[in-house]
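**Student:** So here's protein-v1.txt, just compact mmCIF, C-alpha atoms:
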# COMPACT_ATOMS: atom_id res chain seq x y z
CA MET A 1 0.00 0.00 0.00
CA ASN A 2 1.15 3.55 -0.71
CA ARG A 3 2.18 5.66 2.23
CA GLU A 4 2.63 9.38 2.79
CA PRO A 5 6.02 10.70 1.54
CA LEU A 6 8.59 11.06 4.32
CA SER A 7 11.43 13.52 4.92
CA VAL A 8 14.15 12.60 7.41
CA VAL A 9 15.69 15.67 9.06
CA VAL A 10 19.08 15.59 10.81
CA THR A 11 21.13 18.40 12.38
CA THR A 12 24.90 17.93 12.51
CA LEU A 13 28.22 19.27 13.77
CA ASP A 14 31.33 17.13 13.26
CA ASN A 15 29.35 13.88 13.26
CA ALA A 16 31.48 11.89 10.81
CA ALA A 17 31.84 9.06 13.33
CA THR A 18 28.09 8.32 13.46
CA LEU A 19 26.35 9.97 10.49
CA ALA A 20 26.89 7.19 7.94
CA ARG A 21 25.16 4.62 10.14
CA CYS A 22 22.33 7.06 10.82
CA LEU A 23 21.65 7.89 7.16
CA ASP A 24 22.09 4.29 5.98
CA SER A 25 19.29 3.27 8.34
CA VAL A 26 16.80 5.67 6.71
CA ARG A 27 17.38 4.92 3.04
CA PHE A 28 13.66 4.08 2.81
CA ALA A 29 12.80 7.80 3.21
CA ASP A 30 11.81 9.90 0.21
CA GLU A 31 14.15 12.72 1.24
CA ILE A 32 16.99 13.33 3.68
CA VAL A 33 17.68 16.88 4.88
CA VAL A 34 20.91 17.62 6.78
CA LEU A 35 21.41 21.03 8.40
CA ASP A 36 25.01 21.50 9.52
CA SER A 37 26.40 24.22 11.78
CA GLY A 38 30.00 24.32 10.57
CA SER A 39 31.55 20.84 10.52
CA THR A 40 35.27 20.57 9.84
CA ASP A 41 35.39 16.76 9.49
CA ALA A 42 33.93 14.52 6.77
CA THR A 43 30.29 15.11 7.73
CA CYS A 44 29.52 16.91 4.46
CA GLU A 45 31.07 14.20 2.27
CA ILE A 46 29.18 11.46 4.13
CA ALA A 47 25.86 13.25 3.67
CA ALA A 48 26.53 13.98 0.00
CA ALA A 49 27.43 10.35 -0.70
CA ARG A 50 23.98 9.34 0.55
CA GLY A 51 22.07 11.87 -1.52
CA ALA A 52 21.11 14.19 1.32
CA ARG A 53 20.06 17.79 0.74
CA TRP A 54 22.82 19.73 2.51
CA PHE A 55 22.49 23.11 4.24
CA VAL A 56 24.82 25.08 6.50
CA GLU A 57 23.71 27.68 9.07
CA PRO A 58 25.30 29.07 12.24
CA PHE A 59 24.06 27.31 15.37
CA LYS A 60 21.06 29.21 16.77
CA GLY A 61 20.28 26.99 19.76
CA TYR A 62 18.89 23.45 19.89
CA GLY A 63 15.23 24.28 19.26
CA PRO A 64 15.68 27.00 16.60
CA GLN A 65 18.28 24.93 14.71
CA LYS A 66 15.99 21.90 14.51
CA GLN A 67 13.03 24.11 13.58
CA SER A 68 15.04 25.59 10.72
CA ALA A 69 15.92 22.08 9.54
CA ILE A 70 12.28 20.96 9.67
CA GLU A 71 11.23 23.96 7.58
CA LYS A 72 13.63 22.88 4.83
CA ALA A 73 11.82 19.56 4.36
CA THR A 74 9.81 19.11 1.18
CA HIS A 75 7.24 16.65 2.51
CA ARG A 76 4.53 17.12 5.10
CA TRP A 77 5.63 14.18 7.28
CA VAL A 78 9.02 14.45 8.97
CA LEU A 79 11.12 12.02 10.96
CA LEU A 80 13.42 14.01 13.24
CA LEU A 81 16.72 12.31 14.11
CA ASP A 82 20.04 13.15 15.71
CA ALA A 83 23.20 12.12 13.89
CA ASP A 84 23.94 9.40 16.48
CA GLU A 85 20.53 7.70 16.16
CA THR A 86 19.42 4.87 13.87
CA VAL A 87 16.18 3.27 12.72
CA PRO A 88 16.16 -0.56 12.88
CA GLU A 89 14.05 -2.57 10.44
CA THR A 90 11.26 -3.14 12.97
CA CYS A 91 10.99 0.61 13.52
CA ARG A 92 11.05 1.28 9.79
CA ALA A 93 8.13 -1.10 9.32
CA ALA A 94 6.16 0.61 12.11
CA ILE A 95 6.80 4.06 10.63
CA GLU A 96 5.77 3.05 7.14
CA ALA A 97 2.63 1.33 8.43
CA ALA A 98 1.64 4.47 10.36
CA LEU A 99 2.05 6.62 7.25
CA VAL A 100 -0.27 4.50 5.10
CA ALA A 101 -3.28 6.19 6.71
CA PRO A 102 -2.12 8.49 9.56
CA ASP A 103 -4.73 8.89 12.29
CA CYS A 104 -2.60 11.25 14.40
CA ASP A 105 -0.67 14.47 13.85
CA GLY A 106 2.46 13.09 15.47
CA TYR A 107 3.84 9.82 16.82
CA GLU A 108 6.08 9.12 19.78
CA ILE A 109 8.71 6.42 19.25
CA PRO A 110 10.48 4.74 22.21
CA ARG A 111 14.26 5.23 22.15
CA ARG A 112 16.58 2.39 23.09
CA GLU A 113 19.84 3.69 24.54
CA GLN A 114 23.39 2.49 24.21
CA VAL A 115 24.68 2.00 27.76
CA PHE A 116 28.43 2.23 27.30
CA TRP A 117 29.59 -1.21 26.12
CA ARG A 118 26.13 -2.67 25.36
CA MET A 119 22.65 -1.74 24.22
CA GLN A 120 19.94 -1.22 26.80
CA HIS A 121 17.95 -4.37 27.63
CA GLU A 122 14.81 -4.67 25.50
CA ARG A 123 12.61 -4.88 28.61
CA ALA A 124 14.10 -1.82 30.28
CA HIS A 125 12.21 1.47 30.14
CA HIS A 126 12.60 3.25 26.78
CA ASN A 127 11.79 6.95 26.80
CA PRO A 128 9.08 7.75 24.23
CA MET A 129 10.06 10.70 22.05
CA LEU A 130 7.94 12.65 19.61
CA ARG A 131 9.91 12.25 16.39
CA LEU A 132 7.46 11.42 13.58
CA LEU A 133 5.28 14.44 12.92
CA ASP A 134 3.17 16.46 10.52
CA ARG A 135 5.37 19.53 10.21
CA HIS A 136 2.35 21.71 9.40
CA ARG A 137 0.98 20.96 12.87
CA ALA A 138 4.22 21.02 14.86
CA ARG A 139 6.88 23.38 16.17
CA MET A 140 9.97 23.03 18.35
CA SER A 141 9.77 24.01 22.03
CA ASP A 142 11.90 26.81 23.50
CA ASP A 143 13.79 24.61 25.97
CA GLY A 144 17.42 25.67 25.93
CA ILE A 145 18.87 22.14 26.07
CA HIS A 146 16.24 19.44 25.59
CA ALA A 147 14.07 21.11 22.94
CA GLN A 148 11.30 18.82 21.72
CA PRO A 149 8.58 19.08 19.08
CA VAL A 150 5.14 20.22 20.20
CA VAL A 151 2.20 19.05 18.08
CA ASP A 152 -1.10 20.88 17.79
CA GLY A 153 -3.27 17.79 17.55
CA ARG A 154 -3.45 14.14 18.42
CA VAL A 155 -0.28 12.23 19.33
CA GLY A 156 -0.01 8.44 19.02
CA ARG A 157 2.79 6.02 19.87
CA LEU A 158 4.57 3.38 17.81
CA ALA A 159 5.48 0.05 19.38
CA ALA A 160 8.94 -0.42 17.82
CA PHE A 161 11.93 1.55 19.12
CA PHE A 162 14.69 3.50 17.41
CA GLU A 163 18.25 3.43 18.78
CA HIS A 164 20.61 6.02 20.27
CA HIS A 165 24.36 5.39 20.02
CA GLY A 166 25.49 8.67 21.57
CA GLU A 167 27.18 7.36 24.73
CA PRO A 168 29.61 4.61 23.69
CA ASP A 169 31.84 5.06 26.75
CA ILE A 170 31.86 6.60 30.21
CA ALA A 171 34.11 9.51 29.20
CA THR A 172 31.62 10.63 26.53
CA LYS A 173 28.74 10.46 29.00
CA VAL A 174 30.61 12.42 31.68
CA ALA A 175 31.65 15.10 29.17
CA LYS A 176 28.01 15.45 28.10
CA ILE A 177 26.62 15.81 31.61
CA ASN A 178 29.34 18.34 32.40
CA ARG A 179 28.11 20.51 29.51
CA TYR A 180 24.43 20.01 30.33
CA SER A 181 24.88 20.69 34.04
CA ASP A 182 26.61 23.98 33.20
CA ALA A 183 23.59 25.14 31.21
CA VAL A 184 21.02 23.85 33.73
CA SER A 185 22.83 25.48 36.66
CA VAL A 186 22.67 28.86 34.91
CA THR A 187 18.90 28.50 34.49
CA LYS A 188 18.28 27.30 38.03
CA HIS A 189 20.47 30.05 39.46
CA ALA A 190 18.60 32.68 37.43
CA ARG A 191 15.24 31.34 38.63
CA GLY A 192 16.33 31.47 42.26
CA VAL A 193 15.69 27.77 42.97
CA ARG A 194 15.27 27.26 46.74
CA PHE A 195 16.55 24.57 49.14
CA VAL A 196 19.56 23.85 46.93
CA TRP A 197 21.56 22.12 49.68
CA LEU A 198 18.61 19.87 50.48
CA ARG A 199 18.18 19.04 46.79
CA LEU A 200 21.90 18.29 46.59
CA LEU A 201 21.53 15.81 49.45
CA LEU A 202 18.28 14.07 48.49
CA GLN A 203 17.85 14.13 44.73
CA PRO A 204 20.97 12.19 43.62
CA PRO A 205 20.03 8.98 45.56
CA LEU A 206 16.42 9.35 44.41
CA MET A 207 17.62 9.62 40.82
CA PHE A 208 19.69 6.44 41.25
CA VAL A 209 16.60 4.54 42.45
CA LYS A 210 14.53 5.96 39.60
CA SER A 211 17.13 5.03 37.00
CA TYR A 212 18.25 1.64 38.32
CA VAL A 213 14.92 0.28 39.63
CA LEU A 214 11.98 2.14 38.11
CA ARG A 215 13.53 2.43 34.65
CA ARG A 216 14.75 -1.16 34.98
CA ARG A 217 18.38 -0.45 34.20
CA PHE A 218 19.29 -3.36 36.46
CA LEU A 219 18.34 -5.56 33.49
CA SER A 220 21.38 -4.18 31.64
CA GLY A 221 23.86 -5.65 34.11
CA GLY A 222 27.01 -3.79 35.12
CA ALA A 223 26.55 -1.18 32.40
CA GLY A 224 23.12 -0.35 33.80
CA PHE A 225 24.52 0.07 37.31
CA VAL A 226 27.30 2.39 36.13
CA GLY A 227 24.82 4.36 34.02
CA SER A 228 22.51 4.87 36.99
CA VAL A 229 25.37 6.11 39.18
CA VAL A 230 26.34 8.59 36.45
CA ASP A 231 22.70 9.76 36.23
CA ALA A 232 22.76 10.43 39.97
CA PHE A 233 26.06 12.28 39.59
CA HIS A 234 24.47 14.47 36.90
CA VAL A 235 21.81 15.60 39.39
CA PHE A 236 24.47 16.19 42.05
CA LEU A 237 26.59 18.19 39.63
CA LYS A 238 23.90 20.62 38.50
CA TYR A 239 22.98 21.61 42.08
CA ALA A 240 26.62 21.78 43.14
CA LYS A 241 27.21 24.22 40.28
CA VAL A 242 24.24 26.34 41.37
CA ILE A 243 25.85 26.60 44.84
CA GLU A 244 29.17 27.49 43.25
CA ARG A 245 27.58 30.25 41.17
CA ARG A 246 25.90 31.72 44.24
CA ARG A 247 29.14 31.65 46.23
CA ARG A 248 30.76 33.67 43.48
What would the structure in this file look like if it were written as structure tokens?
**Tutor:**
Amino acid sequence: MNREPLSVVVTTLDNAATLARCLDSVRFADEIVVLDSGSTDATCEIAAARGARWFVEPFKGYGPQKQSAIEKATHRWVLLLDADETVPETCRAAIEAALVAPDCDGYEIPRREQVFWRMQHERAHHNPMLRLLDRHRARMSDDGIHAQPVVDGRVGRLAAFFEHHGEPDIATKVAKINRYSDAVSVTKHARGVRFVWLRLLLQPPLMFVKSYVLRRRFLSGGAGFVGSVVDAFHVFLKYAKVIERRRR
């Protein structure tokens, strides 16, 4: 059966290490749009070799950059991906089935994470993310770090998951949370968040329980345990940095 045409939209910056795998996994799409913000590695050549429409713009922030990329798509339906994400065959089949006769304006897709040296267990919790959307009914949120699409209409959910390969080792994860905690601490400091010392004491262990038990990371063995400890450290770090900013 015929389905609605699909544009895959990817934003990049020096993603030569992961982009080929990402774009190879979405060859079923009718169009691939890549918006780059100044790569100096082989990102451009990798995109060109796979027939992507290539654009370059200065980085405007996570939400505005992705919104600009979405607006460059030709087709109404858009699959929004990061350069370190892939679409397995089961997810491809679910996407194409949904686009035969869409009954929603957007679809959440669960994301399966790489946990350092292994992929997350299939029965662990996979965060649903709104990635398949009617671009005429959607816009990016204004969140400074974790900008997400917002759909004016009905949102459904696909059963199959896509995969995130962005944290292949502990060093990469720690570098990421260091950057994110910097940005979050600025926001929390500006908003005058109260009881920071109490949050610093209580929230990290609560985050560990949430990650390891409630999100079922214990199913991923030692990698899941290490990942949960790092999640708790992320919470600790952002409040510690708020305290540091206030001391200054």
**Student:** Could you state the separation of CA of Ala16 (chain A) and CA of Asp41 (chain A) in Å, given to one decimal place?
**Tutor:**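 One can read the CA of Ala16 (chain A) to CA of Asp41 (chain A) distance as 6.4 Å.
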**Student:** Record the distance separating CA of Arg131 (chain A) and CA of Leu79 (chain A), expressed in Å with one decimal.
**Tutor:**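 That distance, rounded to one decimal, is 5.6 Å.
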**Student:** Compile a residue-level contact table for region 82-122 of chain A against region 212-225 of chain A at a cut-off of 10 Å, reporting for every qualifying residue the shortest atom pair and its distance in Å to one decimal, with all atoms listed in the file counted, rows ordered by chain and ascending number, as a tab-separated table.
**Tutor:**
residue	atom	partner	partner_atom	distance
A:Gln114	CA	A:Ala223	CA	9.5
A:Val115	CA	A:Ala223	CA	5.9
A:Phe116	CA	A:Ala223	CA	6.4
A:Trp117	CA	A:Ala223	CA	7.0
A:Arg118	CA	A:Ala223	CA	7.2
A:Met119	CA	A:Ser220	CA	7.9
A:Gln120	CA	A:Ser220	CA	5.9
A:His121	CA	A:Ser220	CA	5.3
A:Glu122	CA	A:Leu219	CA	8.8
**Student:** Grab the residues selected above and save them as a compact mmCIF listing (two decimals), in the coordinates of the input with C-alpha atoms.
**Tutor:**
# COMPACT_ATOMS: atom_id res chain seq x y z
CA GLN A 114 23.39 2.49 24.21
CA VAL A 115 24.68 2.00 27.76
CA PHE A 116 28.43 2.23 27.30
CA TRP A 117 29.59 -1.21 26.12
CA ARG A 118 26.13 -2.67 25.36
CA MET A 119 22.65 -1.74 24.22
CA GLN A 120 19.94 -1.22 26.80
CA HIS A 121 17.95 -4.37 27.63
CA GLU A 122 14.81 -4.67 25.50
**Student:** Considering all atoms listed in the file, return as a PDB file with C-alpha atoms, keeping the file's coordinate frame whatever protein or nucleic-acid residues lie within 7 Å of Ala73 (chain A), sequence-local ones (same chain, fewer than 3 positions apart) excluded.
**Tutor:**
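Contents of selection.pdb, as written:
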ATOM      1  CA  SER A   7      11.430  13.520   4.920  1.00  0.00           C
ATOM      2  CA  VAL A  33      17.680  16.880   4.880  1.00  0.00           C
ATOM      3  CA  ILE A  70      12.280  20.960   9.670  1.00  0.00           C
TER       4      ILE A  70
END
**Student:** Neighbourhood query: residues within 9 Å of (11.0, 2.4, 9.1), file coordinates, counting all atoms listed in the file; return as an NGL selection string.
**Tutor:** :A and (25-26 or 28-29 or 87-97)
**Student:** Give the answer as one residue: which of A:Arg123, A:Arg135, A:Lys72, A:Lys238 has the shortest atom-to-atom distance to His189 (chain A), using only C-alpha atoms?
**Tutor:** A:Lys238
**Student:** Considering all atoms listed in the file, give me a table of residues in region 86-172 of chain A that are at most 12 Å from region 9-15 of chain A, with the closest atom pair and distance in Å for each, as CSV.
**Tutor:**
residue,atom,partner,partner_atom,distance
A:Thr86,CA,A:Val10,CA,11.2
A:Arg131,CA,A:Val9,CA,9.9
A:Leu132,CA,A:Val9,CA,10.3
A:Leu133,CA,A:Val9,CA,11.2
A:Arg135,CA,A:Val9,CA,11.1
A:His165,CA,A:Asn15,CA,11.9
A:Gly166,CA,A:Asn15,CA,10.5
**Student:** Distance CA of Thr187 (chain A)-CA of Gln65 (chain A), one decimal place?
**Tutor:**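 Between these atoms lies a distance of 20.1 Å.
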**Student:** So which one's closest to Ala232 (chain A), A:Lys210, A:His126, A:Arg157, A:Arg111? Using all atoms listed in the file, please.
**Tutor:**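 That would be A:Lys210, the residue with the smallest distance to Ala232 (chain A).
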